[in-house]
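Trainee: Dumping the structure here so I can ask a few things about it.
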Amino acid sequence: MTSVTAEGLRVAVIGAGIAGLATAVGLVRSGAAVTVFEEAPTVRSGGSGLTVFAGGLRALDSLGLGARFRALTDGDVRLLRGGQRAPDGRWLARIPADAVAEMRVVDRGDFHRLLVDALGSAASVRTGTRVDSADPDGAVRWTTADGLPQEETFDLVVGADGMRSQVRTAFSDDPGRRYAGYGAWRGITRGPVDLGGEAGETWGMRTRFGIAPLADGRVYWFAVATMPEVAVFHDETAVLEGLFGTWHDPIPEILSATHPTAVHRLPILELAGHLSSYVRGRIVLVGDAAHAMTPNLGQGGGQGLEDAAQLCAGLADVLTYLPPQRAPVDGVATALASYDALRRPRSQRIARLSRLIGDVAHLPGPRLTRVRDAVLDLTPEPALRRQIRQVQEWDGPGVHVR
Ligand SMILES: Cc1cc2nc3c(=O)[nH]c(=O)nc-3n(C[C@H](O)[C@H](O)[C@H](O)COP(=O)(O)OP(=O)(O)OC[C@H]3O[C@@H](n4cnc5c(N)ncnc54)[C@H](O)[C@@H]3O)c2cc1C
């Protein structure tokens, strides 16, 4: 399908979020000529903290970014206990420490800078450029600031433009988005907070609070509550205090240690269904564009990294074995088919599980909440460990980029 030359694969990456940047880094290191389109005026991260589990780390290793990421997230903070608690602090379920031994928590701003630095000037990055459409034949269209329509054709178009993906509209079964029924606040404390080695989530009735320590002792936290999709609060801090101010320590301290301007709320959306393929012609989807999921397993970003690693590994093989003369190669189509076969089942399974966890966490009424807590309490450790492993661990394609 695609005519690849020894001069390199010409790739457009639409979107400079985690998935797009990671893919761009992997592709340029394999010799592809990459152009990144980003609608924002600068490449920047949204949100506050990000939890990355074993699969995401494997992906970063494969992309040649593992050592830098570990250096960024290595710290003295040690987690002794994790799991789920009730608002009074009672442990409902403990996650075995070894099951999350590789978990890392990173400030999203720092992670974005790492990706941008790794890309350096190896790719052409067109910020302030919103892509209007992409076609399966590789054509990418956008409009200049002066209103002039532009078009360029690439060997491959990577749709990494997130949950609201414009590129995804080229897929006839684009399911669109739906509201999960709850909204989430996120924040990072101004300075270190002593967690006593304990972290995880606390589940109330249709409310949750999550705690994750950054390497420097600051705490990334999130708070979730059932609410209408469009909820307007005049004082977000007061709402948070009302919902979580009487919960176990150190939740009240974490809230008061966070500057109000560092707290952001958003409605939780996910893809309303599942795509039947992540590939159409020369277009391939990665990250939230392919499988935007609820954040209940902390896996959206990790899945995007796994996508990037898998895609780049498959294409690296194609680029490595290109003949020296300019020649059409159909290896790209094979690499894309293999990417779809390997990535779609896993990412869609995790999205389904993540949704289920949200549904259970937000069951209505005190009776169902008590039943939920009792079930959590009774879940045997081996079953929990198995479940965690299945979600978090990923063998990955091995180290492909150095
Ligand atoms: C509350 C919450 C907590 C979360 N916690 C975690 C966690 O702990 N761990 C984890 O792994 N994941 C977590 N996630 C999920 C994670 O944030 C996302 O999965 C991840 O950021 C998606 O990255 P992406 O690069 O695919 O998309 P995005 O981050 O959405 O990036 C898309 C980029 O494309 C650009 N763009 C969009 N449209 C266009 C266009 N038409 N033309 C050009 N550019 C365009 C955007 O400006 C943006 O820069 C969480 C999500 C939420 C909401």
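Following the order of the structure tokens, first chain is A, next is B, and so on, with residues numbered from 1 inside each chain and ligands from 1 in the order they appear.
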Considering only C-alpha atoms and all ligand atoms, tabulate each residue of chain A that lies at most 6 Å from ligand 1 along with its nearest interatomic pair and the corresponding distance in Å to one decimal; arrange the rows by chain and ascending residue number and present them as CSV.
Mentor:
residue,atom,partner,partner_atom_place_in_ligand_line,distance
A:Ile14,CA,ligand 1,43 (C),5.2
A:Gly15,CA,ligand 1,34 (O),3.2
A:Ala16,CA,ligand 1,49 (O),4.5
A:Gly17,CA,ligand 1,25 (O),3.4
A:Ile18,CA,ligand 1,25 (O),3.9
A:Ala19,CA,ligand 1,25 (O),3.8
A:Gly20,CA,ligand 1,25 (O),5.4
A:Phe37,CA,ligand 1,43 (C),5.1
A:Glu38,CA,ligand 1,44 (N),3.7
A:Glu39,CA,ligand 1,44 (N),4.0
A:Ala40,CA,ligand 1,47 (O),5.2
A:Leu50,CA,ligand 1,8 (O),4.0
A:Thr51,CA,ligand 1,8 (O),3.7
A:Val52,CA,ligand 1,11 (O),5.4
A:Thr129,CA,ligand 1,43 (C),5.8
A:Arg130,CA,ligand 1,42 (N),3.6
A:Val131,CA,ligand 1,42 (N),3.9
A:Asp132,CA,ligand 1,41 (N),5.8
A:Ala160,CA,ligand 1,26 (O),5.5
A:Asp161,CA,ligand 1,34 (O),3.5
A:Gly162,CA,ligand 1,30 (O),3.6
A:Met163,CA,ligand 1,30 (O),5.7
A:Ser165,CA,ligand 1,38 (N),5.6
A:Gln166,CA,ligand 1,41 (N),5.1
A:Ala184,CA,ligand 1,1 (C),5.4
A:Ile268,CA,ligand 1,53 (C),5.9
A:Gly287,CA,ligand 1,26 (O),3.5
A:Asp288,CA,ligand 1,26 (O),3.8
A:Ala289,CA,ligand 1,26 (O),5.9
A:Pro295,CA,ligand 1,50 (C),4.7
A:Gly298,CA,ligand 1,7 (C),3.7
A:Gln299,CA,ligand 1,11 (O),4.0
A:Gly300,CA,ligand 1,19 (O),3.2
A:Gly301,CA,ligand 1,11 (O),3.2
A:Gly302,CA,ligand 1,11 (O),4.1
A:Gly304,CA,ligand 1,26 (O),5.6
Trainee: Show me, as an MDAnalysis selection string, the residues that have an atom within 7 Å of Val167 of chain A when counting only C-alpha atoms, minus same-chain residues fewer than 2 positions from it.
Mentor: chainID A and resid 133:134 159 165 169:170
Trainee: Could you please determine the separation between atom CA of Val360 of chain A and atom CA of Glu198 of chain A in Å, to one decimal place?
Mentor: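 Interatomic distance here is 23.3 Å.
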Trainee: Between A:Leu27, A:Leu92, A:Leu243, A:Ala22, single out the one closest to Leu319 of chain A, counting only C-alpha atoms.
Mentor: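 Among the listed residues, A:Leu27 lies closest to Leu319 of chain A.
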Trainee: For Arg113 of chain A, which residue among A:Val140, A:Leu21, A:Val34, A:Leu156 is the nearest when counting only C-alpha atoms?
Mentor: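 Nearest to Arg113 of chain A: A:Leu21.
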Trainee: Report, in Å with one decimal, the straight-line distance from atom CA of Leu368 of chain A to atom CA of Thr237 of chain A.
Mentor: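 Taking atom CA of Leu368 of chain A as the start and atom CA of Thr237 of chain A as the end point, the length is 28.4 Å.
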Trainee: For atom CA of Ile95 of chain A and atom CA of Arg389 of chain A, determine how far apart the two atoms are, in Å to one decimal place.
Mentor: 11.0 Å
Trainee: DSSP on the backbone: which residues in segment 39-121 of chain A end up as strand (DSSP E)? Give the answer as a list in words.
Mentor: Gly49, Leu50, Thr51, Val52, Arg81, Gly82, Gly83, Gln84, Arg85, Trp91, Leu92, Ala93, Arg94, Ile95, Arg104, Val105, Val106 and Asp107 of chain A
Trainee: Name the closest residue to Arg164 of chain A among the candidates A:Leu214, A:Ala290, A:Gly66, A:Leu114; distances are taken between atoms, counting only C-alpha atoms.
Mentor: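 Among the listed residues, the smallest separation from Arg164 of chain A belongs to A:Ala290.
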Trainee: Considering only alpha helix (DSSP H) as DSSP defines it on the backbone, what residues of segment 186-365 of chain A qualify? List them as a PyMOL selection string.
Mentor: chain A and resi 236-244+251-256+288-291+300-320+331-361
Trainee: Hey, what's within 8 Å of Ala123 of chain A if we count only C-alpha atoms and toss same-chain stuff fewer than 6 positions away? As an MDAnalysis selection string, please?
Mentor: chainID A and resid 24 28 33:36
Trainee: Give the answer as one residue: which of A:Leu266, A:Val25, A:Val239, A:Ala139 has the shortest atom-to-atom distance to Gly120 of chain A, using only C-alpha atoms?
Mentor: A:Val25
Trainee: Return the single residue from A:Met205, A:Ala341, A:Ala93, A:Ala215 that is closest to Leu378 of chain A, with distances computed using only C-alpha atoms.
Mentor: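 The shortest atom-to-atom distance to Leu378 of chain A comes from A:Ala93.
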Trainee: Would you pick out the contacts of Leu275 of chain A at 9 Å or less, using only C-alpha atoms, so that residues sharing its chain but fewer than 2 positions from it are not included, and give the list as a ChimeraX atom specification?
Mentor: /A:171,173-175,273,277-278,290-291,344,348
Trainee: List as a list in words the protein and nucleic acid residues near Thr261 of chain A, meaning an atom at most 12 Å away when only C-alpha atoms are counted, but skip any in the same chain fewer than 4 places from it.
Mentor: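 Listed by chain and then number, they are Ser48, Trp185, Arg186, Gly187, Ile188, Thr189, Arg190, Asp235, Glu236, Thr237, Ala257 and Arg265 of chain A.
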Trainee: Pick from A:Leu119, A:Ala383, A:Leu269, A:Ala361: nearest to Ala86 of chain A, with only C-alpha atoms counted?
Mentor: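 Among the listed residues, the smallest separation from Ala86 of chain A belongs to A:Ala361.
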